[in-house]
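Coordinates from run35.txt are shown below (compact mmCIF, C-alpha atoms).
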```txt
# COMPACT_ATOMS: atom_id res chain seq x y z
CA MET A 1 -27.52 -39.32 70.46
CA ASP A 2 -29.16 -42.48 69.18
CA GLU A 3 -30.18 -40.66 66.04
CA THR A 4 -26.55 -39.68 65.33
CA LYS A 5 -25.45 -43.27 65.87
CA SER A 6 -28.07 -44.57 63.49
CA ARG A 7 -27.08 -41.99 60.82
CA ARG A 8 -23.43 -43.10 60.65
CA PRO A 9 -24.09 -46.52 59.09
CA ARG A 10 -26.46 -44.89 56.62
CA VAL A 11 -23.75 -42.41 55.47
CA LYS A 12 -21.26 -45.28 55.32
CA ASN A 13 -23.66 -47.32 53.19
CA LEU A 14 -24.22 -44.37 50.88
CA LEU A 15 -20.46 -43.90 50.46
CA ASP A 16 -19.91 -47.63 49.85
CA ARG A 17 -22.62 -47.75 47.23
CA ASN A 18 -21.32 -44.67 45.42
CA LEU A 19 -17.60 -45.28 45.79
CA ASN A 20 -17.17 -46.09 42.11
CA ARG A 21 -19.14 -43.03 41.10
CA ILE A 22 -17.07 -40.77 43.42
CA ALA A 23 -13.81 -42.27 42.18
CA ARG A 24 -14.85 -41.79 38.56
CA ALA A 25 -15.85 -38.17 39.23
CA LEU A 26 -12.56 -37.50 40.99
CA ILE A 27 -10.51 -39.02 38.16
CA LEU A 28 -12.44 -37.10 35.49
CA THR A 29 -12.05 -33.85 37.43
CA LEU A 30 -8.37 -34.59 37.95
CA VAL A 31 -7.82 -35.20 34.22
CA LEU A 32 -9.64 -31.96 33.35
CA GLY A 33 -7.69 -30.20 36.10
CA ILE A 34 -4.36 -31.37 34.62
CA ILE A 35 -5.40 -30.21 31.11
CA LEU A 36 -6.43 -26.82 32.48
CA LEU A 37 -3.23 -26.62 34.53
CA ILE A 38 -1.17 -27.10 31.36
CA LEU A 39 -3.29 -24.39 29.70
CA TRP A 40 -2.72 -22.22 32.78
CA VAL A 41 1.05 -22.62 32.56
CA PHE A 42 0.92 -21.80 28.83
CA LEU A 43 -1.27 -18.72 29.35
CA SER A 44 0.47 -17.43 32.46
CA GLY A 45 3.52 -16.68 30.29
CA PHE A 46 1.39 -14.37 28.13
CA LEU A 47 -0.72 -12.97 30.96
CA ALA A 48 2.06 -12.46 33.51
CA SER A 49 1.86 -8.70 33.14
CA SER A 50 -1.93 -8.70 33.53
CA PRO A 51 -2.72 -10.40 36.86
CA ARG A 52 -6.39 -9.46 36.56
CA TYR A 53 -6.85 -11.86 33.63
CA LEU A 54 -4.98 -14.63 35.46
CA TRP A 55 -7.22 -14.14 38.49
CA LEU A 56 -10.40 -14.27 36.36
CA PHE A 57 -9.08 -17.32 34.53
CA SER A 58 -8.41 -19.11 37.83
CA ILE A 59 -11.98 -18.41 39.01
CA LEU A 60 -13.27 -19.78 35.70
CA ILE A 61 -11.16 -22.93 36.10
CA TRP A 62 -12.24 -23.61 39.68
CA GLY A 63 -15.90 -23.17 38.75
CA LEU A 64 -15.54 -25.54 35.80
CA LEU A 65 -13.84 -28.15 37.97
CA ILE A 66 -16.59 -27.98 40.60
CA PHE A 67 -19.34 -28.27 37.98
CA THR A 68 -17.51 -31.15 36.26
CA PHE A 69 -17.14 -33.00 39.55
CA LEU A 70 -20.81 -32.53 40.43
CA GLY A 71 -21.89 -33.46 36.89
CA SER A 72 -19.81 -36.67 36.95
CA LEU A 73 -20.97 -37.54 40.45
CA THR A 74 -24.59 -37.34 39.41
CA ALA A 75 -24.08 -39.11 36.05
CA GLY A 76 -27.16 -41.01 34.96
CA THR A 77 -29.50 -38.97 37.16
CA ILE A 78 -31.63 -35.98 36.32
CA TYR A 79 -29.18 -33.77 38.24
CA GLN A 80 -26.37 -34.26 35.73
CA PRO A 81 -27.92 -32.20 32.90
CA ILE A 82 -28.94 -29.57 35.46
CA PHE A 83 -25.31 -29.21 36.59
CA ASN A 84 -24.20 -29.20 32.96
CA ILE A 85 -26.63 -26.36 32.20
CA GLY A 86 -25.20 -24.49 35.20
CA ARG A 87 -21.69 -25.12 33.89
CA ALA A 88 -22.62 -23.87 30.40
CA PHE A 89 -24.11 -20.62 31.71
CA TYR A 90 -21.24 -20.16 34.16
CA PHE A 91 -18.79 -20.59 31.28
CA ILE A 92 -20.71 -18.17 29.01
CA PHE A 93 -20.72 -15.42 31.63
CA GLY A 94 -17.23 -16.20 32.89
CA ILE A 95 -15.53 -16.15 29.51
CA SER A 96 -17.52 -13.13 28.29
CA TYR A 97 -16.67 -11.08 31.36
CA GLY A 98 -13.14 -12.44 31.69
CA THR A 99 -12.22 -11.57 28.12
CA ASN A 100 -14.00 -8.20 28.22
CA PHE A 101 -16.53 -9.53 25.69
CA GLY A 102 -13.90 -10.65 23.24
CA SER A 103 -11.47 -7.79 23.46
CA LEU A 104 -8.32 -8.42 25.47
CA GLN A 105 -5.66 -5.81 26.01
CA LEU A 106 -2.40 -6.84 27.58
CA THR A 107 0.21 -4.39 28.72
CA LEU A 108 3.76 -5.53 28.17
CA PRO A 109 6.58 -4.84 30.64
CA ASN A 110 8.36 -2.59 28.11
CA GLY A 111 5.35 -0.27 27.92
CA GLY A 112 4.00 -1.86 24.77
CA PHE A 113 0.63 -3.52 24.41
CA VAL A 114 -1.08 -6.34 22.59
CA LEU A 115 -4.75 -6.02 21.71
CA ALA A 116 -6.73 -9.04 20.57
CA GLN A 117 -10.32 -8.87 19.37
CA PHE A 118 -11.93 -12.25 18.83
CA VAL A 119 -15.66 -11.57 19.02
CA PRO A 120 -16.50 -14.19 16.30
CA ILE A 121 -14.60 -16.86 18.26
CA LEU A 122 -16.38 -15.85 21.48
CA ALA A 123 -19.71 -16.02 19.63
CA LEU A 124 -18.81 -19.54 18.49
CA ILE A 125 -17.98 -20.58 22.08
CA ILE A 126 -21.28 -19.13 23.32
CA PHE A 127 -23.08 -20.97 20.51
CA ILE A 128 -21.47 -24.26 21.59
CA CYS A 129 -22.51 -23.65 25.21
CA ILE A 130 -26.09 -22.90 24.15
CA LEU A 131 -26.02 -26.07 22.08
CA ASP A 132 -24.92 -27.89 25.25
CA VAL A 133 -27.81 -26.31 27.16
CA GLY A 134 -30.21 -27.50 24.46
CA ARG A 135 -28.76 -30.99 24.67
CA CYS A 136 -29.14 -31.01 28.45
CA VAL A 137 -32.76 -29.83 28.23
CA LEU A 138 -33.44 -32.75 25.87
CA GLN A 139 -31.76 -35.08 28.37
CA ILE A 140 -33.97 -33.76 31.19
CA ILE A 141 -37.10 -34.27 29.08
CA GLN A 142 -35.93 -37.75 28.15
CA THR A 143 -35.16 -38.69 31.76
CA SER A 144 -38.36 -37.24 33.20
CA SER A 145 -40.54 -38.89 30.55
CA TYR A 146 -38.93 -42.27 31.10
CA SER A 147 -41.36 -44.70 32.64
CA PRO A 148 -39.95 -47.94 34.05
CA PRO A 149 -41.42 -51.15 32.67
CA ASP A 150 -44.18 -52.68 34.79
CA MET B 151 -28.20 -36.72 20.73
CA LYS B 152 -24.97 -38.35 19.58
CA ALA B 153 -24.89 -36.16 16.47
CA VAL B 154 -25.18 -33.05 18.64
CA THR B 155 -22.36 -34.27 20.87
CA LEU B 156 -20.13 -34.96 17.85
CA MET B 157 -20.93 -31.54 16.40
CA MET B 158 -20.07 -29.93 19.73
CA ILE B 159 -16.73 -31.74 19.85
CA PHE B 160 -15.97 -30.57 16.31
CA LEU B 161 -16.92 -26.96 17.14
CA TRP B 162 -14.79 -27.04 20.33
CA ILE B 163 -11.80 -28.16 18.26
CA VAL B 164 -12.40 -25.24 15.86
CA ALA B 165 -13.04 -22.71 18.65
CA LEU B 166 -9.88 -23.64 20.57
CA GLY B 167 -7.63 -24.73 17.71
CA LEU B 168 -8.12 -21.64 15.58
CA PRO B 169 -6.98 -19.08 18.20
CA ALA B 170 -4.09 -21.37 19.15
CA ALA B 171 -2.96 -21.58 15.49
CA VAL B 172 -3.32 -17.80 15.09
CA ALA B 173 -1.36 -17.18 18.31
CA LEU B 174 1.40 -19.47 17.03
CA SER B 175 1.45 -17.69 13.67
CA VAL B 176 1.46 -14.21 15.19
CA SER B 177 4.20 -15.13 17.66
CA ASN B 178 6.45 -15.43 14.57
CA LEU B 179 5.74 -11.75 13.90
CA LEU B 180 7.15 -10.83 17.29
CA GLN B 181 10.57 -12.18 16.33
CA PRO B 182 13.31 -9.61 15.65
CA ASN B 183 13.48 -8.06 12.17
CA THR B 184 9.94 -8.96 11.19
CA ILE B 185 8.52 -5.48 11.79
CA ALA B 186 10.96 -2.61 11.57
CA PHE B 187 10.92 1.16 11.28
CA ARG B 188 14.05 2.62 9.79
CA GLU B 189 15.71 5.86 10.98
CA PRO B 190 13.91 8.87 9.53
CA ASP B 191 15.40 11.41 7.16
CA VAL B 192 14.70 14.89 8.49
CA ALA B 193 14.39 17.95 6.30
CA TYR B 194 13.10 21.48 6.42
CA ALA B 195 11.15 22.95 3.51
CA ASP B 196 8.25 25.35 3.00
CA GLY B 197 7.93 26.23 6.68
CA SER B 198 7.65 22.64 7.82
CA PHE B 199 9.93 19.99 9.24
CA SER B 200 9.42 16.59 7.74
CA LEU B 201 10.57 13.24 9.10
CA SER B 202 10.15 10.33 6.73
CA GLY B 203 11.49 6.83 6.54
CA PRO B 204 10.67 3.33 5.38
CA PHE B 205 9.17 0.53 7.40
CA PHE B 206 8.39 -3.06 6.54
CA ILE B 207 6.46 -6.07 7.77
CA ASN B 208 7.80 -9.50 6.99
CA ASN B 209 4.88 -11.88 7.50
CA THR B 210 6.69 -15.01 8.64
CA GLY B 211 3.46 -16.51 9.96
CA PHE B 212 1.27 -18.98 8.07
CA PHE B 213 -1.88 -16.85 7.81
CA ASP B 214 -2.53 -13.86 5.53
CA LEU B 215 -2.78 -10.47 7.22
CA SER B 216 -5.49 -8.11 6.00
CA ASP B 217 -6.69 -4.64 7.04
CA VAL B 218 -3.17 -3.71 8.01
CA ASN B 219 -3.04 -0.27 9.63
CA ALA B 220 -0.01 1.48 11.03
CA SER B 221 -0.16 4.42 13.38
CA LEU B 222 2.69 6.54 14.69
CA LEU B 223 2.22 9.29 17.23
CA LEU B 224 5.00 11.67 18.14
CA ALA B 225 4.36 13.34 21.48
CA THR B 226 6.23 15.18 24.18
CA GLN B 227 6.93 13.60 27.56
CA ASN B 228 3.85 15.52 28.79
CA HIS B 229 1.76 13.72 26.14
CA ALA B 230 1.25 16.80 23.97
CA LEU B 231 0.91 15.59 20.39
CA VAL B 232 3.57 16.94 18.05
CA SER B 233 2.64 15.03 14.90
CA SER B 234 1.03 11.81 13.78
CA TYR B 235 0.99 9.37 10.89
CA ILE B 236 -1.80 6.92 10.14
CA GLY B 237 -1.46 4.70 7.11
CA THR B 238 -3.22 1.74 5.55
CA LEU B 239 -1.07 -0.94 4.01
CA PRO B 240 -1.82 -3.63 1.47
CA ALA B 241 -2.62 -7.13 2.68
CA ALA B 242 0.41 -9.24 3.52
CA GLY B 243 0.21 -12.81 2.33
CA ALA B 244 1.86 -15.56 4.33
CA GLY B 245 5.60 -15.49 3.72
CA SER B 246 5.57 -12.13 1.95
CA THR B 247 7.00 -8.75 2.90
CA ILE B 248 5.24 -5.43 2.55
CA THR B 249 7.05 -2.12 2.68
CA SER B 250 5.77 1.38 3.08
CA THR B 251 6.92 4.84 4.09
CA TYR B 252 5.93 6.88 7.09
CA ARG B 253 6.08 10.64 7.14
CA PHE B 254 5.63 13.25 9.83
CA ASP B 255 5.06 16.86 8.89
CA ILE B 256 5.73 19.28 11.69
CA PRO B 257 4.84 22.84 10.71
CA LEU B 258 7.14 25.47 12.15
CA ASN B 259 4.14 27.39 13.51
CA GLY B 260 2.68 24.29 15.18
CA SER B 261 1.42 25.09 18.66
CA THR B 262 3.13 22.15 20.37
CA LEU B 263 6.52 23.16 19.04
CA HIS B 264 6.11 26.52 20.74
CA GLU B 265 4.41 25.38 23.94
CA ALA B 266 7.06 22.74 24.52
CA HIS B 267 9.88 25.08 23.41
CA LEU B 268 11.00 22.45 20.92
CA LEU B 269 12.45 25.03 18.55
CA THR B 270 14.95 26.19 21.12
CA GLU B 271 15.34 23.22 23.48
CA SER B 272 16.27 19.65 22.63
CA ALA B 273 14.04 17.07 24.30
CA ASP B 274 13.14 13.42 24.43
CA LEU B 275 9.95 12.67 22.49
CA ASN B 276 7.77 9.59 22.78
CA LEU B 277 7.11 7.72 19.57
CA ASN B 278 4.05 5.51 19.98
CA ALA B 279 4.04 2.97 17.18
CA SER B 280 1.13 0.59 16.72
CA LEU B 281 0.11 -1.88 14.09
CA SER B 282 -3.25 -3.58 13.71
CA PHE B 283 -4.33 -6.32 11.32
CA SER B 284 -6.94 -9.01 10.84
CA VAL B 285 -6.09 -12.67 10.62
CA ILE B 286 -8.47 -14.78 8.50
CA SER B 287 -11.05 -12.01 9.06
CA LEU B 288 -11.97 -13.49 12.45
CA ILE B 289 -9.39 -12.19 14.85
CA THR B 290 -8.12 -8.62 14.94
CA LEU B 291 -4.79 -8.07 16.60
CA GLY B 292 -3.02 -4.91 17.52
CA ILE B 293 0.50 -4.58 18.79
CA GLY B 294 2.14 -1.40 19.91
CA SER B 295 5.10 -0.04 21.69
CA THR B 296 6.55 3.25 22.80
CA PHE B 297 10.04 4.35 21.90
CA VAL B 298 11.93 7.39 23.05
CA THR B 299 13.51 9.45 20.32
CA ARG B 300 15.64 12.52 20.69
CA TRP B 301 14.43 15.79 19.22
CA ARG B 302 17.32 18.13 18.50
CA ALA B 303 16.31 21.76 18.48
CA PRO B 304 17.22 23.78 15.37
CA PHE B 305 17.67 26.95 17.47
CA SER B 306 19.24 25.54 20.61
CA ASN B 307 21.33 27.61 23.03
CA LEU B 308 19.60 30.70 21.67
CA THR B 309 20.96 33.85 23.28
CA ILE B 310 20.36 37.50 22.58
CA SER B 311 23.17 39.36 24.26
CA ASN B 312 25.23 42.52 24.47
CA PRO B 313 22.53 45.10 23.86
CA ALA B 314 24.23 48.49 23.45
CA TYR B 315 23.22 51.99 22.47
CA ASP B 316 25.77 54.32 20.92
CA GLN B 317 24.66 57.88 21.51
CA GLY B 318 27.21 59.19 19.05
CA THR B 319 25.93 57.24 16.06
CA GLY B 320 22.39 56.63 17.27
CA ASN B 321 22.81 52.88 16.73
CA PHE B 322 21.28 50.16 18.89
CA SER B 323 23.12 46.84 18.57
CA PHE B 324 22.76 43.34 19.97
CA SER B 325 24.09 39.88 19.21
CA VAL B 326 22.05 36.78 18.34
CA SER B 327 23.55 33.32 18.52
CA PHE B 328 22.22 29.79 18.40
CA THR B 329 23.27 26.31 17.39
CA ASN B 330 21.54 24.09 14.88
CA SER B 331 21.53 20.86 16.86
CA ALA B 332 19.18 19.19 14.36
CA ASN B 333 20.36 16.62 11.87
CA PHE B 334 19.44 18.75 8.89
CA GLU B 335 20.36 22.02 7.27
CA TYR B 336 17.81 24.79 6.94
CA SER B 337 17.63 28.15 5.28
CA GLY B 338 15.15 30.99 5.44
CA ILE B 339 14.59 34.56 6.48
CA LEU B 340 15.60 35.49 9.99
CA ALA B 341 13.95 38.66 11.23
CA VAL B 342 14.57 40.48 14.48
CA LYS B 343 12.40 43.25 15.86
CA ALA B 344 13.33 45.40 18.87
CA THR B 345 10.87 47.33 21.00
CA GLN B 346 11.28 49.60 24.00
CA ASN B 347 9.55 48.90 27.27
CA ASP B 348 6.56 50.99 26.26
CA ASN B 349 6.06 48.66 23.25
CA GLN B 350 7.30 51.32 20.88
CA THR B 351 9.11 49.67 17.98
CA ILE B 352 12.77 50.67 17.75
CA GLY B 353 13.29 48.93 14.44
CA SER B 354 13.52 45.60 12.68
CA ILE B 355 15.93 43.90 10.35
CA GLU B 356 15.80 40.83 8.13
CA THR B 357 18.52 38.60 6.81
CA THR B 358 18.62 35.36 4.89
CA ILE B 359 20.44 32.61 6.69
CA ARG B 360 21.58 29.08 5.94
CA VAL B 361 22.60 27.02 8.93
CA SER B 362 24.25 23.67 8.36
CA LEU B 363 23.69 20.78 10.71
CA ARG B 364 25.52 20.92 14.02
CA THR B 365 26.89 24.41 13.40
CA SER B 366 26.50 27.65 15.29
CA PHE B 367 25.11 30.89 14.00
CA GLN B 368 26.20 34.20 15.45
CA GLN B 369 25.51 37.68 14.17
CA THR B 370 25.41 41.19 15.55
CA PHE B 371 22.44 43.26 14.41
CA VAL B 372 22.61 47.04 14.30
CA LEU B 373 19.50 49.22 14.19
CA TYR B 374 19.64 52.96 13.69
CA VAL B 375 17.34 54.54 16.26
CA GLY B 376 18.52 58.12 16.15
CA THR B 377 19.35 60.36 19.06
CA HIS B 378 15.91 60.96 20.50
CA PRO B 379 15.31 59.92 24.16
CA PHE B 380 15.91 56.18 24.41
CA ALA B 381 14.67 53.74 27.07
CA ASP B 382 17.13 51.41 28.76
CA SER B 383 15.08 48.21 28.44
CA GLY B 384 12.62 46.45 26.17
CA THR B 385 12.12 43.25 24.21
CA ILE B 386 13.63 41.66 21.15
CA GLU B 387 11.50 39.31 19.05
CA MET B 388 13.07 36.84 16.65
CA TYR B 389 11.21 35.31 13.70
CA PHE B 390 12.20 32.65 11.22
CA ASP B 391 10.22 32.43 7.98
CA GLY B 392 7.54 34.57 9.60
CA VAL B 393 7.14 32.35 12.66
CA GLU B 394 8.08 33.69 16.07
CA ILE B 395 10.96 31.76 17.58
CA THR B 396 11.49 33.67 20.80
CA GLN B 397 10.88 36.89 22.62
CA ARG B 398 13.55 38.03 25.06
CA GLY B 399 13.92 41.08 27.24
CA TRP B 400 16.92 43.35 26.94
CA SER B 401 18.36 45.86 29.32
CA LEU B 402 21.22 48.29 28.82
CA GLY B 403 22.18 47.97 32.47
CA GLY B 404 22.94 44.27 32.20
```

What would you get if you wrote out this structure as structure tokens?
Amino acid sequence: MDETKSRRPRVKNLLDRNLNRIARALILTLVLGIILLILWVFLSGFLASSPRYLWLFSILIWGLLIFTFLGSLTAGTIYQPIFNIGRAFYFIFGISYGTNFGSLQLTLPNGGFVLAQFVPILALIIFICILDVGRCVLQIIQTSSYSPPD
Amino acid sequence: MKAVTLMMIFLWIVALGLPAAVALSVSNLLQPNTIAFREPDVAYADGSFSLSGPFFINNTGFFDLSDVNASLLLATQNHALVSSYIGTLPAAGAGSTITSTYRFDIPLNGSTLHEAHLLTESADLNLNASLSFSVISLITLGIGSTFVTRWRAPFSNLTISNPAYDQGTGNFSFSVSFTNSANFEYSGILAVKATQNDNQTIGSIETTIRVSLRTSFQQTFVLYVGTHPFADSGTIEMYFDGVEITQRGWSLGG
């Protein structure tokens, strides 16, 4: 009972100290969320007849938002590049699986279809994500090798 | 580190901007009268029906289209392929129009024509049209749709009726009638062959016919079979240009 009482001020202190950081993470996530929501509205017109793609896209969006929030919350710490690496790999697998490895086929309501193959574009996106991973690894090395002045 | 970040931003702009620009360009192609297949001209010659007509692509987008392939599949409602056309077209520059011609050849002795009774029965056929092309050699797009087109049988309402045997003259006679529902005229050799129920040939007769579009053909055929014992049922086979059109039973009793 006493232990629980003593924990409450500690949690409150932690929240007070990190309020700015939490607010910044929330705002950043909100901005990204609004951008992705606009993209969602734009894409849902095209993907209305293929709910599977919409469902996969929504999973991808939620994952990205969670990783962005965690990455922003831990900005300046060694955890940020770790979350960013997680986000990059999540995005690589999510977009590869979600787009059937760069080959989308949409069935139209009138029985027609649209097939789009964009493997070079997908390869470029994967390359950017791997570049991001490399950047994050450098950040981790930089942070872990940093020694505070005596 | 900053250089890597800047490079990543640049690559993200390319990776997202390029598909968006292509999507915008291609959406122009989905407007009416940018891709069109004209009504086919149908003809019969050398034992084959041919359907041919022009089609065009008006590239109203702002990217060149390369590797343009068109594919047309004509199939029955049960997905049995009747005929197909696959063609490669020249590249279509932005703002230009390319035209080409599609052609289906449907041989009279084609198996689908017989299995689906398309020579004697009009039917709805599915025309699957698809078009694929590359945009700036990075994105390949294919669009396709299915249309229903009406096949009008050249030997529709085919009846073989009034079989009769005249003992006095030794003649066996029957009437053949059908309607050319197709949109084309055809001519060729019509042959009929009658057999008795023990597969013994009674006789056969050939005649050259010319049937205009939307007209009926009716003729009574007379075969001399003599006065020997004659069965009261059998089959009559009808051929056009050497290809069997139908085989019907006949019976003197009805």

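Around Leu60 in chain A, within 10 Å and counting only C-alpha atoms, the residues found are Leu54, Trp55, Leu56, Leu64, Leu65, Tyr90, Phe91, Phe93, Gly94, Ile95 and Gly98 of chain A, once anything fewer than 4 positions away on its own chain is removed.
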
* Tell me, as a count of residues only, which residues lie within 10 Å of range 36-44 of chain A, counting all atoms listed in the file; anything in the same chain fewer than 5 positions away does not count. => 13

* Check the smallest atom-to-atom distance from each of A:Cys136, A:Leu15, A:Ile82, A:Ile34 to chain B using all atoms listed in the file, then report the winner. => A:Cys136

* Asked: chain A residues within 7 Å of chain B, counting all atoms listed in the file: which ones, as a PyMOL selection string?
  -> chain A and resi 111-118+120-121+124-125+128+135

* Between CA of Leu174 in chain B and CA of Gly211 in chain B, measure the distance and give it in Å to one decimal. =>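 Result for CA of Leu174 in chain B versus CA of Gly211 in chain B: 7.9 Å, one decimal.
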
* Within 12 Å of Leu402 in chain B, counting all atoms listed in the file, which residues show up once you throw out same-chain ones fewer than 2 positions away? Write them as a ChimeraX atom specification, please. => /B:311-316,322-324,346-347,380-385,399-400,404

Let's have the selection written as a PDB file, in the frame of the given file, with C-alpha atoms.
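Saved result, again.pdb, follows:
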```
ATOM      1  CA  SER B 311      23.170  39.360  24.260  1.00  0.00           C
ATOM      2  CA  ASN B 312      25.230  42.520  24.470  1.00  0.00           C
ATOM      3  CA  PRO B 313      22.530  45.100  23.860  1.00  0.00           C
ATOM      4  CA  ALA B 314      24.230  48.490  23.450  1.00  0.00           C
ATOM      5  CA  TYR B 315      23.220  51.990  22.470  1.00  0.00           C
ATOM      6  CA  ASP B 316      25.770  54.320  20.920  1.00  0.00           C
ATOM      7  CA  PHE B 322      21.280  50.160  18.890  1.00  0.00           C
ATOM      8  CA  SER B 323      23.120  46.840  18.570  1.00  0.00           C
ATOM      9  CA  PHE B 324      22.760  43.340  19.970  1.00  0.00           C
ATOM     10  CA  GLN B 346      11.280  49.600  24.000  1.00  0.00           C
ATOM     11  CA  ASN B 347       9.550  48.900  27.270  1.00  0.00           C
ATOM     12  CA  PHE B 380      15.910  56.180  24.410  1.00  0.00           C
ATOM     13  CA  ALA B 381      14.670  53.740  27.070  1.00  0.00           C
ATOM     14  CA  ASP B 382      17.130  51.410  28.760  1.00  0.00           C
ATOM     15  CA  SER B 383      15.080  48.210  28.440  1.00  0.00           C
ATOM     16  CA  GLY B 384      12.620  46.450  26.170  1.00  0.00           C
ATOM     17  CA  THR B 385      12.120  43.250  24.210  1.00  0.00           C
ATOM     18  CA  GLY B 399      13.920  41.080  27.240  1.00  0.00           C
ATOM     19  CA  TRP B 400      16.920  43.350  26.940  1.00  0.00           C
ATOM     20  CA  GLY B 404      22.940  44.270  32.200  1.00  0.00           C
TER      21      GLY B 404
END
```

May I have the residues within 9 Å of Asn84 in chain A as a PDB file with C-alpha atoms, in the frame of the given file, using only C-alpha atoms and disregarding those fewer than 6 positions away in the same chain?
```
ATOM      1  CA  PHE A  67     -19.340 -28.270  37.980  1.00  0.00           C
ATOM      2  CA  THR A  68     -17.510 -31.150  36.260  1.00  0.00           C
ATOM      3  CA  LEU A  70     -20.810 -32.530  40.430  1.00  0.00           C
ATOM      4  CA  GLY A  71     -21.890 -33.460  36.890  1.00  0.00           C
ATOM      5  CA  ASP A 132     -24.920 -27.890  25.250  1.00  0.00           C
ATOM      6  CA  VAL A 133     -27.810 -26.310  27.160  1.00  0.00           C
ATOM      7  CA  CYS A 136     -29.140 -31.010  28.450  1.00  0.00           C
TER       8      CYS A 136
END
```

* In Å, with one decimal, what is the gap from CA of Val176 in chain B to CA of Asn208 in chain B? ->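 For CA of Val176 in chain B relative to CA of Asn208 in chain B, the distance reads 11.4 Å.
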
* Asked: Which value, in Å to one decimal, gives the distance between CA of Ala332 in chain B and CA of Leu222 in chain B?
  ->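 Atom-to-atom, CA of Ala332 in chain B and CA of Leu222 in chain B are spaced 20.8 Å apart.
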
Return the padded bounding box of range 262-274 of chain B as JSON: axis-aligned, built from all atoms listed in the file, 6 Å added on each side, with centre and edge lengths in Å to one decimal.
```
{"center_x": 9.7, "center_y": 20.0, "center_z": 21.5, "size_x": 25.1, "size_y": 25.1, "size_z": 18.0}
```

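The residue that comes closest to Ala75 in chain A, out of A:Ile126, A:Ser144, A:Leu138, A:Asn20 and on the basis of all atoms listed in the file, is A:Asn20.
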
Find the residues around Ile359 in chain B up to 9 Å (all atoms listed in the file counted), leave out those fewer than 3 positions away in its own chain, and share them as a tab-separated table (two decimals) with C-alpha atoms, in the coordinates of the input.
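So selection11.tsv came out as:
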```
chain	number	residue	atom	x	y	z
B	336	TYR	CA	17.81	24.79	6.94
B	337	SER	CA	17.63	28.15	5.28
B	338	GLY	CA	15.15	30.99	5.44
B	339	ILE	CA	14.59	34.56	6.48
B	340	LEU	CA	15.60	35.49	9.99
B	367	PHE	CA	25.11	30.89	14.00
```

* Asked: Nearest to Phe328 in chain B: which of B:Gly260, B:Gly167, B:Gly392, B:Pro304 is it, counting all atoms listed in the file?
  ->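 Ranked by minimum distance to Phe328 in chain B, first place goes to B:Pro304.
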
* Between B:Ser221, B:Thr270, B:Thr309, B:Thr358, which is the closest to Phe205 in chain B once you count all atoms listed in the file? ->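 Among B:Ser221, B:Thr270, B:Thr309, B:Thr358, it is B:Ser221 that comes nearest to Phe205 in chain B.
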
* Selected residue, from B:Asn276, B:Ser198, B:Thr184, B:Thr262, that lies nearest to Gly245 in chain B when counting all atoms listed in the file ->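 Under the stated criterion, the closest residue is B:Thr184.
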
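Here the question is which of A:Leu73, A:Gln139, A:Leu106, A:Gly63 gets nearest to Leu19 in chain A using all atoms listed in the file, and that residue is A:Leu73.
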